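Asks: Dropping in work02.cif, with mmCIF, C-alpha atoms.
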data_structure
#
loop_
_atom_site.label_atom_id
_atom_site.label_comp_id
_atom_site.auth_asym_id
_atom_site.auth_seq_id
_atom_site.Cartn_x
_atom_site.Cartn_y
_atom_site.Cartn_z
CA MET A 1 1.64 27.45 -6.82
CA GLY A 2 1.67 25.21 -9.90
CA PHE A 3 1.82 21.42 -9.96
CA ARG A 4 5.59 21.40 -9.90
CA GLU A 5 5.86 23.60 -6.83
CA HIS A 6 3.46 21.35 -4.90
CA LEU A 7 5.49 18.28 -5.87
CA GLN A 8 8.73 20.01 -4.87
CA ASP A 9 7.14 20.99 -1.59
CA VAL A 10 6.38 17.34 -0.77
CA VAL A 11 9.94 16.23 -1.59
CA ARG A 12 11.42 19.09 0.44
CA SER A 13 9.19 18.40 3.45
CA VAL A 14 9.70 14.65 3.75
CA ASP A 15 13.00 13.23 5.00
CA GLY A 16 14.30 10.66 2.55
CA ALA A 17 11.96 11.63 -0.30
CA ILE A 18 13.45 11.04 -3.74
CA ALA A 19 10.55 11.90 -6.05
CA CYS A 20 6.98 13.11 -6.19
CA SER A 21 4.77 12.77 -9.26
CA LEU A 22 1.31 13.68 -10.42
CA MET A 23 0.12 10.92 -12.72
CA GLY A 24 -2.94 9.79 -14.58
CA VAL A 25 -4.49 6.55 -13.37
CA ASP A 26 -3.74 5.38 -16.93
CA GLY A 27 -0.01 5.57 -16.06
CA ILE A 28 0.73 8.74 -17.98
CA GLU A 29 2.85 11.17 -16.01
CA VAL A 30 1.67 14.77 -15.73
CA ASP A 31 4.64 16.17 -13.83
CA THR A 32 7.44 14.89 -11.58
CA HIS A 33 9.90 16.45 -9.21
CA LEU A 34 12.87 14.17 -8.88
CA ALA A 35 15.54 14.53 -6.19
CA ASP A 36 18.48 12.14 -5.96
CA ALA A 37 17.11 8.68 -6.82
CA GLY A 38 20.48 7.01 -6.34
CA GLY A 39 20.39 5.19 -9.65
CA LEU A 40 16.91 3.79 -9.10
CA ASP A 41 14.61 3.98 -12.14
CA VAL A 42 11.86 5.66 -10.11
CA LYS A 43 9.87 7.13 -13.00
CA ASN A 44 9.29 3.81 -14.70
CA LEU A 45 8.64 2.06 -11.41
CA LEU A 46 5.88 4.58 -10.68
CA ILE A 47 4.37 4.06 -14.12
CA GLU A 48 4.22 0.32 -13.48
CA TYR A 49 2.74 0.86 -10.05
CA SER A 50 -0.11 2.87 -11.60
CA SER A 51 -1.55 -0.41 -12.86
CA LEU A 52 -1.87 -1.46 -9.20
CA ILE A 53 -4.07 1.54 -8.51
CA ARG A 54 -6.38 0.51 -11.33
CA LEU A 55 -6.49 -3.09 -10.07
CA ALA A 56 -7.06 -2.03 -6.45
CA ARG A 57 -9.91 0.18 -7.56
CA GLU A 58 -11.53 -2.61 -9.57
CA ALA A 59 -11.20 -5.06 -6.66
CA ALA A 60 -12.62 -2.53 -4.16
CA GLU A 61 -15.54 -1.73 -6.46
CA THR A 62 -16.31 -5.40 -7.05
CA HIS A 63 -16.47 -6.07 -3.32
CA GLN A 64 -18.28 -2.88 -2.28
CA ALA A 65 -15.26 -1.61 -0.35
CA GLY A 66 -15.67 1.97 -1.58
CA GLN A 67 -13.19 4.25 -3.31
CA VAL A 68 -9.45 3.62 -3.08
CA THR A 69 -7.83 6.60 -1.39
CA GLU A 70 -4.25 5.47 -0.75
CA LEU A 71 -1.86 2.73 -1.80
CA CYS A 72 1.59 2.17 -0.26
CA ILE A 73 4.23 -0.26 -1.44
CA GLN A 74 7.42 -0.94 0.44
CA THR A 75 10.38 -2.77 -1.03
CA ASP A 76 13.95 -3.25 0.25
CA GLN A 77 14.99 -0.16 -1.67
CA VAL A 78 12.06 2.21 -1.97
CA ILE A 79 8.83 3.14 -0.25
CA THR A 80 6.06 4.57 -2.41
CA VAL A 81 2.93 6.28 -1.14
CA ALA A 82 0.21 7.03 -3.68
CA ARG A 83 -2.93 9.04 -3.03
CA LEU A 84 -5.86 9.59 -5.36
CA VAL A 85 -6.29 13.25 -6.29
CA SER A 86 -9.40 12.68 -8.41
CA THR A 87 -10.95 9.74 -10.22
CA GLU A 88 -8.44 10.22 -13.03
CA TYR A 89 -5.26 11.38 -11.27
CA PHE A 90 -3.09 10.37 -8.35
CA MET A 91 0.00 11.72 -6.73
CA VAL A 92 2.80 9.50 -5.53
CA ALA A 93 5.89 10.06 -3.44
CA ALA A 94 8.91 7.74 -3.48
CA LEU A 95 11.20 7.58 -0.43
CA LYS A 96 14.35 5.82 0.62
CA PRO A 97 13.63 2.80 2.86
CA ASP A 98 14.50 4.85 5.95
CA GLY A 99 12.45 7.84 4.77
CA ASN A 100 9.67 9.33 6.88
CA PHE A 101 6.67 7.27 5.77
CA GLY A 102 4.23 8.96 8.15
CA LYS A 103 5.21 12.44 7.01
CA ALA A 104 4.87 11.37 3.36
CA ARG A 105 1.31 10.14 3.98
CA TYR A 106 0.51 13.39 5.77
CA MET A 107 1.99 15.58 3.03
CA LEU A 108 0.06 13.75 0.30
CA ARG A 109 -3.15 14.03 2.30
CA VAL A 110 -2.81 17.81 2.62
CA THR A 111 -1.39 18.39 -0.87
CA ALA A 112 -3.89 16.28 -2.86
CA PRO A 113 -6.76 18.81 -2.42
CA LYS A 114 -4.48 21.63 -3.58
CA LEU A 115 -3.58 19.72 -6.75
CA ARG A 116 -7.23 18.78 -7.26
CA SER A 117 -8.26 22.41 -7.26
CA GLU A 118 -5.80 23.06 -10.09
CA LEU A 119 -6.76 20.14 -12.34
CA MET B 1 1.02 -21.17 18.87
CA GLY B 2 -0.44 -22.28 15.53
CA PHE B 3 -1.27 -20.07 12.54
CA ARG B 4 -4.75 -19.37 13.81
CA GLU B 5 -3.57 -18.15 17.20
CA HIS B 6 -1.10 -15.72 15.61
CA LEU B 7 -3.84 -14.34 13.34
CA GLN B 8 -6.21 -14.01 16.31
CA ASP B 9 -3.47 -12.25 18.23
CA VAL B 10 -3.14 -9.60 15.49
CA VAL B 11 -6.92 -8.98 15.38
CA ARG B 12 -7.11 -8.79 19.18
CA SER B 13 -4.16 -6.38 19.41
CA VAL B 14 -5.18 -3.87 16.76
CA ASP B 15 -8.07 -1.47 17.38
CA GLY B 16 -10.55 -1.67 14.51
CA ALA B 17 -9.15 -4.91 13.04
CA ILE B 18 -11.79 -7.03 11.32
CA ALA B 19 -9.71 -9.86 9.85
CA CYS B 20 -6.24 -11.31 9.58
CA SER B 21 -5.27 -13.94 6.99
CA LEU B 22 -2.30 -16.01 5.99
CA MET B 23 -2.43 -16.44 2.22
CA GLY B 24 -0.41 -17.79 -0.63
CA VAL B 25 0.85 -15.21 -3.10
CA ASP B 26 -1.22 -17.22 -5.59
CA GLY B 27 -4.36 -16.00 -3.78
CA ILE B 28 -5.15 -19.23 -1.98
CA GLU B 29 -6.03 -18.71 1.65
CA VAL B 30 -4.20 -20.78 4.26
CA ASP B 31 -6.08 -19.56 7.34
CA THR B 32 -8.15 -16.55 8.40
CA HIS B 33 -9.36 -15.16 11.66
CA LEU B 34 -12.41 -13.04 11.02
CA ALA B 35 -13.89 -10.65 13.56
CA ASP B 36 -16.97 -8.57 12.77
CA ALA B 37 -16.60 -7.48 9.13
CA GLY B 38 -19.86 -5.55 9.17
CA GLY B 39 -21.21 -7.12 5.98
CA LEU B 40 -18.02 -6.49 3.99
CA ASP B 41 -16.87 -9.40 1.84
CA VAL B 42 -13.37 -9.25 3.29
CA LYS B 43 -12.22 -12.73 2.33
CA ASN B 44 -12.83 -12.27 -1.37
CA LEU B 45 -11.44 -8.74 -1.31
CA LEU B 46 -8.19 -10.11 0.14
CA ILE B 47 -8.04 -12.81 -2.51
CA GLU B 48 -8.34 -10.14 -5.21
CA TYR B 49 -5.72 -8.00 -3.52
CA SER B 50 -3.26 -10.91 -3.68
CA SER B 51 -2.90 -10.23 -7.39
CA LEU B 52 -1.58 -6.77 -6.46
CA ILE B 53 1.21 -8.36 -4.46
CA ARG B 54 2.22 -10.41 -7.48
CA LEU B 55 2.12 -7.33 -9.73
CA ALA B 56 4.05 -5.17 -7.25
CA ARG B 57 6.71 -7.84 -7.00
CA GLU B 58 7.06 -8.09 -10.78
CA ALA B 59 7.29 -4.30 -11.12
CA ALA B 60 9.87 -4.02 -8.34
CA GLU B 61 11.96 -6.82 -9.83
CA THR B 62 11.83 -5.30 -13.31
CA HIS B 63 13.10 -1.97 -11.98
CA GLN B 64 15.68 -3.32 -9.52
CA ALA B 65 13.75 -2.00 -6.54
CA GLY B 66 14.34 -5.13 -4.45
CA GLN B 67 11.86 -7.39 -2.70
CA VAL B 68 8.37 -6.18 -1.85
CA THR B 69 7.96 -6.32 1.92
CA GLU B 70 4.66 -4.52 2.54
CA LEU B 71 1.60 -3.33 0.63
CA CYS B 72 -1.19 -1.19 2.12
CA ILE B 73 -4.45 -0.24 0.45
CA GLN B 74 -6.89 2.20 1.94
CA THR B 75 -10.45 2.63 0.72
CA ASP B 76 -13.41 4.54 2.17
CA GLN B 77 -14.47 1.40 4.01
CA VAL B 78 -11.45 -0.72 4.76
CA ILE B 79 -7.70 -0.47 5.29
CA THR B 80 -5.62 -3.50 4.41
CA VAL B 81 -2.00 -4.04 5.38
CA ALA B 82 -0.18 -6.96 3.77
CA ARG B 83 3.29 -8.18 4.66
CA LEU B 84 5.33 -10.86 2.94
CA VAL B 85 6.05 -13.80 5.23
CA SER B 86 8.12 -15.71 2.67
CA THR B 87 8.46 -15.70 -1.10
CA GLU B 88 5.28 -17.77 -1.32
CA TYR B 89 3.13 -16.49 1.54
CA PHE B 90 1.91 -13.20 2.95
CA MET B 91 -0.20 -12.16 5.87
CA VAL B 92 -2.77 -9.42 5.65
CA ALA B 93 -4.85 -7.54 8.20
CA ALA B 94 -8.06 -5.69 7.34
CA LEU B 95 -9.20 -2.79 9.52
CA LYS B 96 -12.08 -0.38 9.70
CA PRO B 97 -11.20 3.03 8.22
CA ASP B 98 -10.59 4.44 11.70
CA GLY B 99 -8.56 1.41 12.82
CA ASN B 100 -5.02 1.70 14.13
CA PHE B 101 -2.96 1.51 10.93
CA GLY B 102 0.38 1.97 12.69
CA LYS B 103 -0.32 -0.79 15.17
CA ALA B 104 -1.39 -3.11 12.35
CA ARG B 105 1.90 -2.53 10.53
CA TYR B 106 3.80 -3.16 13.75
CA MET B 107 1.90 -6.35 14.58
CA LEU B 108 2.45 -7.78 11.08
CA ARG B 109 6.14 -6.93 11.27
CA VAL B 110 6.59 -8.81 14.54
CA THR B 111 4.21 -11.67 13.69
CA ALA B 112 5.50 -12.45 10.17
CA PRO B 113 8.74 -14.07 11.44
CA LYS B 114 6.73 -16.25 13.85
CA LEU B 115 4.52 -17.49 11.02
CA ARG B 116 7.56 -17.98 8.79
CA SER B 117 9.16 -20.27 11.34
CA GLU B 118 6.05 -22.48 11.23
CA LEU B 119 5.67 -22.72 7.45
#
Is it possible to give me this structure as structure tokens?
Replies:
Amino acid sequence: MGFREHLQDVVRSVDGAIACSLMGVDGIEVDTHLADAGGLDVKNLLIEYSSLIRLAREAAETHQAGQVTELCIQTDQVITVARLVSTEYFMVAALKPDGNFGKARYMLRVTAPKLRSEL
Amino acid sequence: MGFREHLQDVVRSVDGAIACSLMGVDGIEVDTHLADAGGLDVKNLLIEYSSLIRLAREAAETHQAGQVTELCIQTDQVITVARLVSTEYFMVAALKPDGNFGKARYMLRVTAPKLRSEL
């Protein structure tokens, strides 16, 4: 399976998923599988959110809280779940507000090592 | 019940909880109930994390993703769950890595309206 297939697999497996991306922590997208985003500009939202991963990591390092492994942001219109794949890359799933948040976390947890082995 | 009692109630109700704070989105703490943080500098970590709430809100507004309601950050050593109480205030619980994340989300969801009514 390539990157794209893993991302598709996450979107297919999670009720309410609208996108799954592999991105650099620098905000540069590697690959994205996009389902129906309902007019929401998911790709650019995810790029902006990547700056939060960098900030969270800096804050955690400063206060000896260890490595950031996961970051979730919920808004009225979209839930995002991001998981670090390596020090340089993370994967992130975007869901509708009524999407299955727990399943998304689970799918990222099991898929991240598969992506890591292909980086 | 005052602020402090609500924050204590969250820490008491969630397995593995080490702190619960009411904070301004500007990073200024209103009140905190701190259990055993095991040497972790939780208060200052939460202050730094408040900048992530501001950033997430700006990103969500820019991309028409609605209001940020919740932000969760997991590191090797601490899980934090933050929930907006109003446009100016949020509450945040910090847990040990094996703490009950689902219960923390639930407790913040039910406690936020109680705090809001007292602001």
Asks: Find the distance between CA of Thr75 (chain A) and CA of Asp26 (chain A) and write it in Å to one decimal.
Replies: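 If I compute the distance from CA of Thr75 (chain A) to CA of Asp26 (chain A), I get 22.8 Å.
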Asks: Just to confirm, what's the straight-line distance from CA of Lys96 (chain A) to CA of Val14 (chain A) in Å (one decimal)?
Replies: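 The value is 10.5 Å.
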Asks: Expand the PyMOL selection byres ((chain B) within 7 of (chain A)) into the individual residues it matches in the shown file, reporting them as a ChimeraX atom specification.
Replies: /B:41,45,48-49,52,56,59-60,63,65-78
Asks: Point out the residue among A:Phe3, A:Tyr106, A:Phe101, A:Phe90 with the least atom-to-atom distance to Gly24 (chain A), counting only C-alpha atoms.
Replies: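 Of A:Phe3, A:Tyr106, A:Phe101, A:Phe90, the one nearest Gly24 (chain A) is A:Phe90, counting only C-alpha atoms.
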Asks: Mind giving me the axis-aligned box for region 64-67 of chain B with 6 Å on every side, centre plus edges in Å to one decimal, as lines of an AutoDock Vina configuration file?
Replies:
center_x = 13.8
center_y = -4.7
center_z = -6.1
size_x = 15.8
size_y = 17.4
size_z = 18.8
Asks: Under the PyMOL selection byres ((chain A and resi 108-117) around 8), which residues of this model are included? Write them out as a ChimeraX atom specification.
Replies: /A:3,6,10,82-86,91-93,104-107,118-119
Asks: Would you write out those residues with C-alpha atoms, as a PDB file, keeping the file's coordinate frame?
Replies:
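Dumped to result.pdb:
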ATOM      1  CA  PHE A   3       1.820  21.420  -9.960  1.00  0.00           C
ATOM      2  CA  HIS A   6       3.460  21.350  -4.900  1.00  0.00           C
ATOM      3  CA  VAL A  10       6.380  17.340  -0.770  1.00  0.00           C
ATOM      4  CA  ALA A  82       0.210   7.030  -3.680  1.00  0.00           C
ATOM      5  CA  ARG A  83      -2.930   9.040  -3.030  1.00  0.00           C
ATOM      6  CA  LEU A  84      -5.860   9.590  -5.360  1.00  0.00           C
ATOM      7  CA  VAL A  85      -6.290  13.250  -6.290  1.00  0.00           C
ATOM      8  CA  SER A  86      -9.400  12.680  -8.410  1.00  0.00           C
ATOM      9  CA  MET A  91       0.000  11.720  -6.730  1.00  0.00           C
ATOM     10  CA  VAL A  92       2.800   9.500  -5.530  1.00  0.00           C
ATOM     11  CA  ALA A  93       5.890  10.060  -3.440  1.00  0.00           C
ATOM     12  CA  ALA A 104       4.870  11.370   3.360  1.00  0.00           C
ATOM     13  CA  ARG A 105       1.310  10.140   3.980  1.00  0.00           C
ATOM     14  CA  TYR A 106       0.510  13.390   5.770  1.00  0.00           C
ATOM     15  CA  MET A 107       1.990  15.580   3.030  1.00  0.00           C
ATOM     16  CA  GLU A 118      -5.800  23.060 -10.090  1.00  0.00           C
ATOM     17  CA  LEU A 119      -6.760  20.140 -12.340  1.00  0.00           C
TER      18      LEU A 119
END
Asks: Mind pulling up the distance from CA of Gly38 (chain A) to CA of Leu22 (chain A)?
Replies: 20.7 Å
Asks: Tell me which protein, DNA and RNA residues are within 12 Å of Arg12 (chain B), counting all atoms listed in the file, leaving out same-chain ones fewer than 6 positions away, and put them as an NGL selection string.
Replies: :B and (5-6 or 18-20 or 33-36 or 93 or 95 or 100 or 103-104 or 107)
